[in-house]
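Reviewing the structure listed below.
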Amino acid sequence: MAVVYLAVQNSLGREVAIKILSPASSRDNSMASERFLHEARIAAALHHPHIVPIHDFGVHDGYAYIAMEYVPGGTVAPLPGERLEPAAALRIVRDIAGALDYAHTRGIVHRDIKPENILRRTDGAAMLSDFGIARLIHGESVLTTEGTSVGTPHYMSPEQLRGEKVDGRTDLYSLGIVLWQLLTGDLPYVGSDGWSIGTQHLNADIPRLPVTMAHLQGLVDAMLAKSADARVQSGAEIVHRVDLLLTALAGAATMVETPSHQSHQDAFWSRWPVIAVALVVCAALVLMLFNWNPYRTNIAAVQPETKPAVVPFVAPASKSIAVLAFEDLSEAHDQGYFADGMSEELSNRLSQVAGLHVAGRSSSLSFKGKNATIAQIGHTLDVAQVLEGSVRKDGDRLRISVQLSNVADGYQLWSQSYDRKLTDVFAVQEDIAAAVVEALKLKLMSGTAAANTQHHVPPFEVYDLFLLGTQALGRSDVASYKVAVDTLRKTVAMDPDYAEAWSRLAMAESFVVEDSHDSKAKADGDRRAMAAAERAIALDANLGDAYAARGYLRAIDWNWNGALSDMSRSIELTPEDARNLLRYGYLLSTMNRLPEARAALEKGCHADPLFTPVCYWLSRVKTAQGDYDGARQSIEHVIATNPQFGGTKIQLGVISLLQGDAKSAHSIFATTGQDYLRLMAEFSMGQTASAEQSLATKVADDKNVDPYSIAVAYAWMGDRDHAFYWMDRCVAERSVNLQTITYNPLLRGIRDDPRYAALLTRLKLPSK
């Protein structure tokens with residue numbers, strides 16, 4: 001229809017691409033000429049970084065032409081079998097989704113999205129071209145009538161193939177096909193002619209990505225939904241979802257892999273910066289889906305994307321800050337615990353300032369040891385300012401250097417160095433917080449300064465010991481818990497009025513005996529833990545972590561109302577703490593208050609987006625509510641920000657099982673070693689007799705028997721007697737997994753049994 005030439009625009013001395021309608025097309029089809037100039041008018045009205053700009057168009061000596069920017073990088077069309085790395089494919093899709101969102105909001109649908117119409121700039125960015133069959137949704141009349149299919153069959157949406165009225169969502173479907181092709185090197189639907197290909201677009205199942213890219217399947221499903229109403233609804237939404245997937249993807253290969261036996265580290269203590277950087281894969285969860293306890297989770301150092309992942313056109317709040325982990329500059333590099341404690345305390349102090357949003361601690365700490373720029377950090381955490389610093393201890397002297405930088409331009413707003421005695425550490429913290437407030441032109445909340453003055457200040461040697469104990473508590477093994485208990489006991493012995501130390505000791509006492517098979521030792525440990533938590537609250541009635549500690553211990557004792565009261569108080573005192581919101585959401589879900597649980601978890605995800613446990617549990621709650629698409633989206637975020645987080649693939653498998661796709665679920669469970677879940681999938685695939693026999697054999701042979709997993713498997717297969725037998729075993733062992741029975745969707749087959757209501761009564765849980 002047209003020929004494209006490389007030319008030079010003499011007036012400006014620049015290279016341009018000139019697209020000229022072929023004389024034959026112009027002579028034989030007047031509609032072609034009209035469509036050609038129609039393309040020019042549409043494209044010339046679009047001004048976007050990822051749309052090829054039009055310099056000029058018109059007719060010269062009978063030739064219709066368009067002069068546009070010359071893009072020398074060629075198209076993104078892959079060679080047969082050529083695949084891009086997922087991050088590269090996602091960035092292309094992100095660029096074009098942003099361009100489409102811009103065009104769609106102006107009433108323009110492209111209708112021919114394919115790799116050949118996506119060009120590369122020299123900097124690697126993708127640009128959309130060729131609006132030859134675009135249509136205006138509003139205003140100017142279209143060039144084709146309803147009932148006519150226009151486009152390239154391999155990339156056309158179902159509604160486009162049927163000749164129906166289309167809107168921007170048809171472009172998003174085509175972009176989904178492009179994403180598939182870039183990821184796999186192949187087209188999802190192939191055939192000998194356009195008819196056979198179109199039939200597959202209309203009727204065939206959405207293709208499945210390889211297991212290695214399963215975390216991207218949710219995005220593919222959202223873009224390739226057969227119905228436009230079920231599809232992702234805007235380019236902006238794709239940009240947002242891609243940003244979540246890109247965040248931390250580049251650093252995923254260097255993630256610290258935590259041994260699976262280090263299960264159940266409490267999320268309560270992950271809020272403290274001295275915690276070792278590793279997200280624990282829960283061993284119980286490796287045995288069974290619903291075995292993870294959010295009260296005890298070790299938080300990994302999330303690897304952020306090395307390029308900014310930012311939703312376009314949305315600026316962060318002007319008064320928002322991230323306090324990064326301070327650098328340990330001591331000669332022996334053995335003061336990391338102290339440097340982390342400094343940044344944590346500053347974050348806590350700044351969070352008291354009215355009008356200032358402070359990024360969540362997990363998200364801020366995720367950049368520790370990375371070479372990310374201020375701009376990258378600011379964009380990823382959606383903050384306008386970043387506070388960073390270093391600490392050096394030398395004898396009885398302490399040198400602290402800090403600087404506050406503006407994300408938008410990288411300029412320093414303020415910097416200062418402090419050379420003080422170690423005993424002046426709390427005064428230095430106060431000075432830094434006040435300087436930041438002054439630099440940002442904010443005011444401390446009324447009464448905050450007085451509250452800080454009245455706050456208990458321990459001697460420096462006690463504070464230092466406290467930080468060491470907290471560091472040990474952050475590790476995920478009994479030996480470290482014992483160190484934490486010994487260190488924190490010494491801390492409170494030296495300073496009996498130190499509420500935070502008592503709160504930390506409460507959790508250490510509980511953790512050290514949690515996996516003990518000695519019932520007396522466990523009871524004694526829990527008794528000491530509760531006494532420590534009560535002591536912390538008595539010393540400081542406004543210490544949110546103390547209430548969270550007591551709430552955790554009350555939940556262990558099945559005192560749900562007491563636990564809820566404490567967790568609610570903790571949220572009142574620390575409303576933006578994602579870890580407390582996680583524990584609160586978990587407890588609400590245990591009490592079968594799913595809407596409230598979801599709201600709390602969504603708030604936690606927003607407050608600390610790189611704190612993956614809260615987003616993981618949000619996926620679990622959405623699954624229990626039957627919101628499978630939402631559950632997939634949440635688990636995609638977890639995979640993107642922390643690929644090593646335990647249970648994500650299992651969660652995807654459970655969602656597939658509940659949606660009736662037992663085959664996909666079986667594939668996931670088989671590759672993750674989930675024998676009980678695999679047998680449940682086989683049962684749903686129609687292999688009922690063999691699955692039942694295999695389950696009986698495994699139960700008989702399993703040396704490390706997990707009664708809850710077995711009970712769930714029997715419940716899924718309809719064997720209620722065996723299911724309740726194993727549930728009774730769970731009660732006898734006081735299994736923490738019983739906290740999920742009110743909403744675990746895999747138990748839906750036994751909920752109408754009178755024994756289920758009786759079980760809830762024994763557990764003191766609500767029946768509705």
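Going by the structure tokens order, chains are called A, B, ..., each with residues numbered from 1, while ligands are numbered from 1 in the order shown.
Contact shell of Phe611 in chain A at 8 Å (only C-alpha atoms; same-chain neighbours under 3 positions omitted): Ile299, Ser362, Ser363, Ala578, Cys605, Asp608, Val614 and Cys615 of chain A.
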Alpha helix (DSSP H) call set, DSSP backbone run, range 22-218 of chain A, as a VMD selection string: chain A and resid 23 to 28 30 to 44 86 to 105 158 to 161 168 to 184 194 to 203 217 to 218
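Of the listed residues (A:Gln625, A:Gln412, A:Thr761, A:Gln385), A:Gln385 comes nearest to His357 in chain A; the distances count only C-alpha atoms.
The residue set within 10 Å of Val76 in chain A, counting only C-alpha atoms and dropping same-chain residues fewer than 3 places from it, reads Gly73, Leu79, Leu84, Ala89, Ile92, Lys114, Pro115, Glu116, Asn117, Ile118, Leu119, Arg120, Ala126, Met127, Val178 and Leu182 of chain A.
Across A:Ala322, A:Leu610, A:Leu677, A:Val621, the tightest approach to Leu588 in chain A is made by A:Val621 when counting only C-alpha atoms.
Nearest to Gln633 in chain A of all the residues A:Ser401, A:Gln217, A:Ser667, A:Ser227 is A:Gln217, based on only C-alpha atoms.
For range 681-688 of chain A, the non-local neighbours within 8 Å, defined as residues at least 3 positions apart in the same chain or in other chains and counting only C-alpha atoms, are A:Leu657, A:Ala662, A:Lys663, A:Ala665, A:His666, A:Leu677, A:Arg678, A:Ala691, A:Glu692, A:Met717.
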What would the file look like if the residues just selected were written as a compact mmCIF listing (two decimals), in the first residue's frame with C-alpha atoms?
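Heads up, here's the output in result-v2.txt:
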# COMPACT_ATOMS: atom_id res chain seq x y z
CA LEU A 657 -7.41 -26.25 41.66
CA ALA A 662 -6.77 -29.57 38.17
CA LYS A 663 -4.27 -30.39 35.43
CA ALA A 665 -2.55 -27.48 39.65
CA HIS A 666 -1.17 -31.01 39.43
CA LEU A 677 -1.94 -31.52 47.20
CA ARG A 678 -0.82 -33.50 44.16
CA ALA A 691 -5.67 -41.04 44.58
CA GLU A 692 -7.52 -42.44 47.60
CA MET A 717 -11.70 -36.29 48.69
Need the shell around Ala225 in chain A: protein/DNA/RNA residues with any atom at most 8 Å away, counting only C-alpha atoms. Skip same-chain ones fewer than 4 positions apart. Format as JSON, numbers by chain? {"A": [173, 206, 221, 230, 231]}
Write out the residues from the selection above, keeping all heavy atoms, as a CSV table (one decimal), in the first residue's frame.
chain,number,residue,atom,x,y,z
A,173,TYR,N,-5.7,-6.6,24.1
A,173,TYR,CA,-5.6,-8.1,23.8
A,173,TYR,C,-4.5,-8.3,22.8
A,173,TYR,O,-3.7,-9.2,23.0
A,173,TYR,CB,-6.9,-8.5,23.1
A,173,TYR,CG,-7.0,-10.0,22.7
A,173,TYR,CD1,-7.5,-10.9,23.6
A,173,TYR,CD2,-6.5,-10.4,21.5
A,173,TYR,CE1,-7.5,-12.3,23.2
A,173,TYR,CE2,-6.6,-11.7,21.1
A,173,TYR,CZ,-7.1,-12.7,22.0
A,173,TYR,OH,-7.1,-14.0,21.6
A,206,ILE,N,-6.8,-19.9,26.8
A,206,ILE,CA,-5.6,-19.0,26.9
A,206,ILE,C,-4.4,-19.9,27.1
A,206,ILE,O,-4.4,-20.8,27.9
A,206,ILE,CB,-5.8,-18.1,28.1
A,206,ILE,CG1,-7.0,-17.2,27.8
A,206,ILE,CG2,-4.5,-17.2,28.3
A,206,ILE,CD1,-7.3,-16.2,29.0
A,221,ASP,N,-3.1,-13.9,31.3
A,221,ASP,CA,-4.6,-14.2,31.4
A,221,ASP,C,-5.4,-12.9,31.4
A,221,ASP,O,-6.5,-12.9,30.8
A,221,ASP,CB,-4.8,-14.9,32.7
A,221,ASP,CG,-4.3,-16.4,32.7
A,221,ASP,OD1,-3.9,-16.8,31.6
A,221,ASP,OD2,-4.2,-17.0,33.8
A,230,ALA,N,-14.0,-8.9,30.8
A,230,ALA,CA,-13.2,-9.7,31.8
A,230,ALA,C,-11.7,-9.4,31.6
A,230,ALA,O,-10.9,-9.8,32.4
A,230,ALA,CB,-13.4,-11.2,31.5
A,231,ARG,N,-11.3,-8.6,30.6
A,231,ARG,CA,-10.0,-8.3,30.3
A,231,ARG,C,-9.5,-7.1,31.1
A,231,ARG,O,-10.3,-6.4,31.7
A,231,ARG,CB,-9.9,-7.9,28.8
A,231,ARG,CG,-8.5,-8.0,28.1
A,231,ARG,CD,-8.6,-7.8,26.6
A,231,ARG,NE,-9.6,-8.8,26.0
A,231,ARG,CZ,-10.3,-8.5,25.0
A,231,ARG,NH1,-10.3,-7.3,24.4
A,231,ARG,NH2,-11.1,-9.5,24.5
